[in-house]
Amino acid sequence: SRHHVEINWHFSPACAVVLLAGRLRATREDVTVELNWGDGLTARLARGEESPARGWISERLDVKEACANLVLQRVIDGAWESTCELRIL
């Protein structure tokens with residue numbers, strides 16, 4: 001049967017996030033990380049979306065702040081597995 005898979009990675013509002021071909025780079029101060037994902041996934045950045053709610057961080061009750069959210073999506077039939085690699089540059 002057909003399923004919609006979605007993987008979400010949230011980043012601090014203090015991070016500068018750039019979506020590249022097949023990877024994402026996030027930088028905060030002098031540290032940069034790169035996230036790579038497997039073939040077949042489509043990627044987009046969401047920030048402060050209401051429906052469905054994604055791209056938010058809440059450090060206190062009833063207070064939310066928009067943040068970068070990497071949304072990886074794919075439609076699958078049956079079993080599926082993938083690997084994401086996180087590297088410190």
# chains A, B, ... in the order shown; residues from 1 in each chain; ligands from 1
$ residues_around --residues "segment 66-77 of chain A" --least-positions-apart "4" --cutoff "8 Å" --atoms "only C-alpha atoms" --output "JSON, numbers by chain"
{"A": [1, 2, 3, 4, 5, 6, 7, 8, 9, 10, 11, 12, 13, 17, 40, 41, 42, 43, 44, 45, 46, 47, 48, 54, 55, 56, 57]}
$ select_by_dssp --residues "segment 4-83 of chain A" --states "strand (DSSP E or B)" --output "JSON, numbers by chain"
{"A": [4, 5, 6, 7, 8, 9, 10, 16, 17, 18, 19, 20, 23, 24, 25, 26, 27, 28, 31, 32, 33, 34, 35, 36, 42, 43, 44, 45, 46, 47, 49, 50, 53, 54, 56, 57, 58, 59, 60, 63, 64, 65, 66, 68, 69, 70, 71, 72, 73, 74, 75, 76, 77]}
$ residues_around --residues "segment 80-82 of chain A" --least-positions-apart "4" --cutoff "9 Å" --atoms "only C-alpha atoms" --output "JSON, numbers by chain"
{"A": [37, 38, 39, 76]}
$ write_last_selection --atoms "N, CA and C atoms" --output "mmCIF file, in the first residue's frame"
data_model
loop_
_atom_site.group_PDB
_atom_site.id
_atom_site.type_symbol
_atom_site.label_atom_id
_atom_site.label_comp_id
_atom_site.auth_asym_id
_atom_site.auth_seq_id
_atom_site.Cartn_x
_atom_site.Cartn_y
_atom_site.Cartn_z
ATOM 1 N N TRP A 37 20.932 13.630 2.731
ATOM 2 C CA TRP A 37 19.902 12.597 2.799
ATOM 3 C C TRP A 37 19.926 11.764 1.530
ATOM 4 N N GLY A 38 19.260 10.622 1.580
ATOM 5 C CA GLY A 38 19.242 9.680 0.472
ATOM 6 C C GLY A 38 18.441 10.143 -0.723
ATOM 7 N N ASP A 39 18.659 9.464 -1.818
ATOM 8 C CA ASP A 39 17.938 9.755 -3.061
ATOM 9 C C ASP A 39 16.445 9.495 -2.905
ATOM 10 N N ILE A 76 6.009 6.145 -0.704
ATOM 11 C CA ILE A 76 6.581 4.794 -0.777
ATOM 12 C C ILE A 76 5.478 3.754 -0.951
#
$ atom_distance --atom1 "atom CA of Thr27 of chain A" --atom2 "atom CA of Glu85 of chain A"
16.2 Å
$ closest_residue --among "A:Glu49, A:Gly22, A:Ala16, A:Glu59" --to "Leu35 of chain A" --atoms "only C-alpha atoms"
A:Gly22
$ residues_around --residues "Asn36 of chain A" --least-positions-apart "4" --cutoff "10 Å" --atoms "only C-alpha atoms" --output "list in words"
Leu20, Ala21, Gly22, Arg23, Leu24, Arg25, Thr83, Cys84, Glu85, Leu86 and Arg87 of chain A
$ write_last_selection --atoms "C-alpha atoms" --output "short mmCIF file (atom, residue, chain, number, x, y, z; two decimals), in the first residue's frame"
data_model
loop_
_atom_site.label_atom_id
_atom_site.label_comp_id
_atom_site.auth_asym_id
_atom_site.auth_seq_id
_atom_site.Cartn_x
_atom_site.Cartn_y
_atom_site.Cartn_z
CA LEU A 20 21.40 23.11 -1.39
CA ALA A 21 21.05 20.25 -3.90
CA GLY A 22 20.70 17.09 -1.81
CA ARG A 23 21.94 18.70 1.39
CA LEU A 24 21.43 21.46 3.92
CA ARG A 25 23.98 23.64 5.71
CA THR A 83 20.07 7.23 5.96
CA CYS A 84 20.72 10.86 6.84
CA GLU A 85 24.33 11.92 7.46
CA LEU A 86 25.21 14.85 9.70
CA ARG A 87 28.75 16.22 9.36
#
$ atom_distance --atom1 "atom CA of Ala14 of chain A" --atom2 "atom CA of Arg28 of chain A"
6.4 Å
$ decode --residues "segment 26-62 of chain A" --atoms "N, CA, C and O atoms" --output "compact mmCIF listing (two decimals), in the first residue's frame"
# COMPACT_ATOMS: atom_id res chain seq x y z
N ALA A 26 23.75 24.37 7.99
CA ALA A 26 23.29 25.23 9.08
C ALA A 26 24.52 25.76 9.80
O ALA A 26 25.41 24.99 10.16
N THR A 27 24.55 27.08 10.02
CA THR A 27 25.69 27.72 10.67
C THR A 27 25.20 28.55 11.84
O THR A 27 24.20 29.28 11.74
N ARG A 28 25.94 28.42 12.92
CA ARG A 28 25.69 29.27 14.10
C ARG A 28 27.06 29.67 14.63
O ARG A 28 27.87 28.80 14.97
N GLU A 29 27.28 30.97 14.67
CA GLU A 29 28.58 31.53 15.05
C GLU A 29 29.65 30.92 14.16
O GLU A 29 29.58 31.06 12.95
N ASP A 30 30.64 30.21 14.70
CA ASP A 30 31.72 29.67 13.86
C ASP A 30 31.59 28.16 13.63
O ASP A 30 32.56 27.51 13.25
N VAL A 31 30.41 27.60 13.83
CA VAL A 31 30.19 26.16 13.63
C VAL A 31 29.20 25.95 12.48
O VAL A 31 28.12 26.55 12.46
N THR A 32 29.58 25.08 11.53
CA THR A 32 28.71 24.74 10.41
C THR A 32 28.52 23.23 10.37
O THR A 32 29.49 22.48 10.52
N VAL A 33 27.29 22.80 10.22
CA VAL A 33 27.00 21.38 10.02
C VAL A 33 26.32 21.22 8.67
O VAL A 33 25.67 22.13 8.16
N GLU A 34 26.51 20.04 8.09
CA GLU A 34 25.89 19.72 6.82
C GLU A 34 25.10 18.43 6.98
O GLU A 34 25.61 17.45 7.51
N LEU A 35 23.86 18.45 6.52
CA LEU A 35 22.98 17.29 6.59
C LEU A 35 22.73 16.82 5.17
O LEU A 35 22.30 17.60 4.31
N ASN A 36 23.04 15.54 4.89
CA ASN A 36 22.81 14.92 3.58
C ASN A 36 21.75 13.84 3.75
O ASN A 36 21.71 13.18 4.80
N TRP A 37 20.93 13.63 2.73
CA TRP A 37 19.90 12.60 2.80
C TRP A 37 19.93 11.76 1.53
O TRP A 37 20.50 12.15 0.53
N GLY A 38 19.26 10.62 1.58
CA GLY A 38 19.24 9.68 0.47
C GLY A 38 18.44 10.14 -0.72
O GLY A 38 17.64 11.08 -0.65
N ASP A 39 18.66 9.46 -1.82
CA ASP A 39 17.94 9.75 -3.06
C ASP A 39 16.45 9.49 -2.91
O ASP A 39 16.03 8.69 -2.09
N GLY A 40 15.68 10.17 -3.70
CA GLY A 40 14.24 9.94 -3.73
C GLY A 40 13.44 10.82 -2.79
O GLY A 40 12.22 10.80 -2.83
N LEU A 41 14.12 11.58 -1.94
CA LEU A 41 13.43 12.48 -1.03
C LEU A 41 13.37 13.88 -1.63
O LEU A 41 14.36 14.37 -2.16
N THR A 42 12.21 14.53 -1.55
CA THR A 42 12.13 15.94 -1.93
C THR A 42 12.32 16.76 -0.66
O THR A 42 11.94 16.33 0.43
N ALA A 43 12.94 17.91 -0.81
CA ALA A 43 13.27 18.74 0.35
C ALA A 43 12.77 20.16 0.16
O ALA A 43 12.78 20.70 -0.95
N ARG A 44 12.32 20.74 1.28
CA ARG A 44 11.97 22.16 1.28
C ARG A 44 12.15 22.68 2.69
O ARG A 44 12.17 21.92 3.66
N LEU A 45 12.28 23.99 2.80
CA LEU A 45 12.36 24.64 4.11
C LEU A 45 11.01 25.24 4.46
O LEU A 45 10.38 25.88 3.62
N ALA A 46 10.58 25.01 5.69
CA ALA A 46 9.35 25.62 6.20
C ALA A 46 9.75 26.52 7.38
O ALA A 46 10.72 26.25 8.08
N ARG A 47 8.99 27.58 7.57
CA ARG A 47 9.25 28.49 8.69
C ARG A 47 7.93 29.11 9.11
O ARG A 47 7.28 29.79 8.31
N GLY A 48 7.51 28.84 10.33
CA GLY A 48 6.31 29.46 10.86
C GLY A 48 5.02 29.13 10.13
O GLY A 48 4.17 30.00 9.99
N GLU A 49 4.87 27.89 9.67
CA GLU A 49 3.64 27.50 8.99
C GLU A 49 2.57 27.10 10.00
O GLU A 49 2.87 26.49 11.01
N GLU A 50 1.34 27.43 9.69
CA GLU A 50 0.24 27.18 10.63
C GLU A 50 -0.51 25.88 10.36
O GLU A 50 -0.99 25.24 11.28
N SER A 51 -0.64 25.47 9.09
CA SER A 51 -1.46 24.30 8.79
C SER A 51 -0.82 23.45 7.70
O SER A 51 -0.86 23.83 6.53
N PRO A 52 -0.19 22.33 8.06
CA PRO A 52 -0.01 21.88 9.45
C PRO A 52 1.07 22.71 10.14
O PRO A 52 1.90 23.33 9.47
N ALA A 53 1.03 22.72 11.45
CA ALA A 53 1.99 23.51 12.23
C ALA A 53 3.39 22.91 12.08
O ALA A 53 3.62 21.75 12.40
N ARG A 54 4.30 23.71 11.54
CA ARG A 54 5.70 23.28 11.43
C ARG A 54 6.57 24.51 11.29
O ARG A 54 6.13 25.55 10.84
N GLY A 55 7.81 24.36 11.77
CA GLY A 55 8.73 25.49 11.71
C GLY A 55 8.58 26.44 12.87
O GLY A 55 8.70 27.65 12.71
N TRP A 56 8.32 25.87 14.06
CA TRP A 56 8.18 26.67 15.27
C TRP A 56 9.01 26.07 16.40
O TRP A 56 9.20 24.87 16.47
N ILE A 57 9.48 26.94 17.30
CA ILE A 57 10.12 26.50 18.54
C ILE A 57 9.39 27.21 19.68
O ILE A 57 8.96 28.36 19.53
N SER A 58 9.23 26.51 20.79
CA SER A 58 8.57 27.10 21.95
C SER A 58 9.41 26.81 23.18
O SER A 58 9.50 25.67 23.62
N GLU A 59 10.04 27.83 23.71
CA GLU A 59 10.88 27.67 24.90
C GLU A 59 10.10 27.93 26.19
O GLU A 59 10.57 27.62 27.27
N ARG A 60 8.90 28.53 26.05
CA ARG A 60 8.03 28.81 27.20
C ARG A 60 6.59 28.56 26.78
O ARG A 60 6.24 28.66 25.61
N LEU A 61 5.76 28.28 27.74
CA LEU A 61 4.35 28.04 27.49
C LEU A 61 3.71 29.25 26.81
O LEU A 61 3.90 30.40 27.24
N ASP A 62 2.97 29.01 25.74
CA ASP A 62 2.24 30.02 24.99
C ASP A 62 3.11 31.07 24.30
O ASP A 62 2.63 32.15 23.96
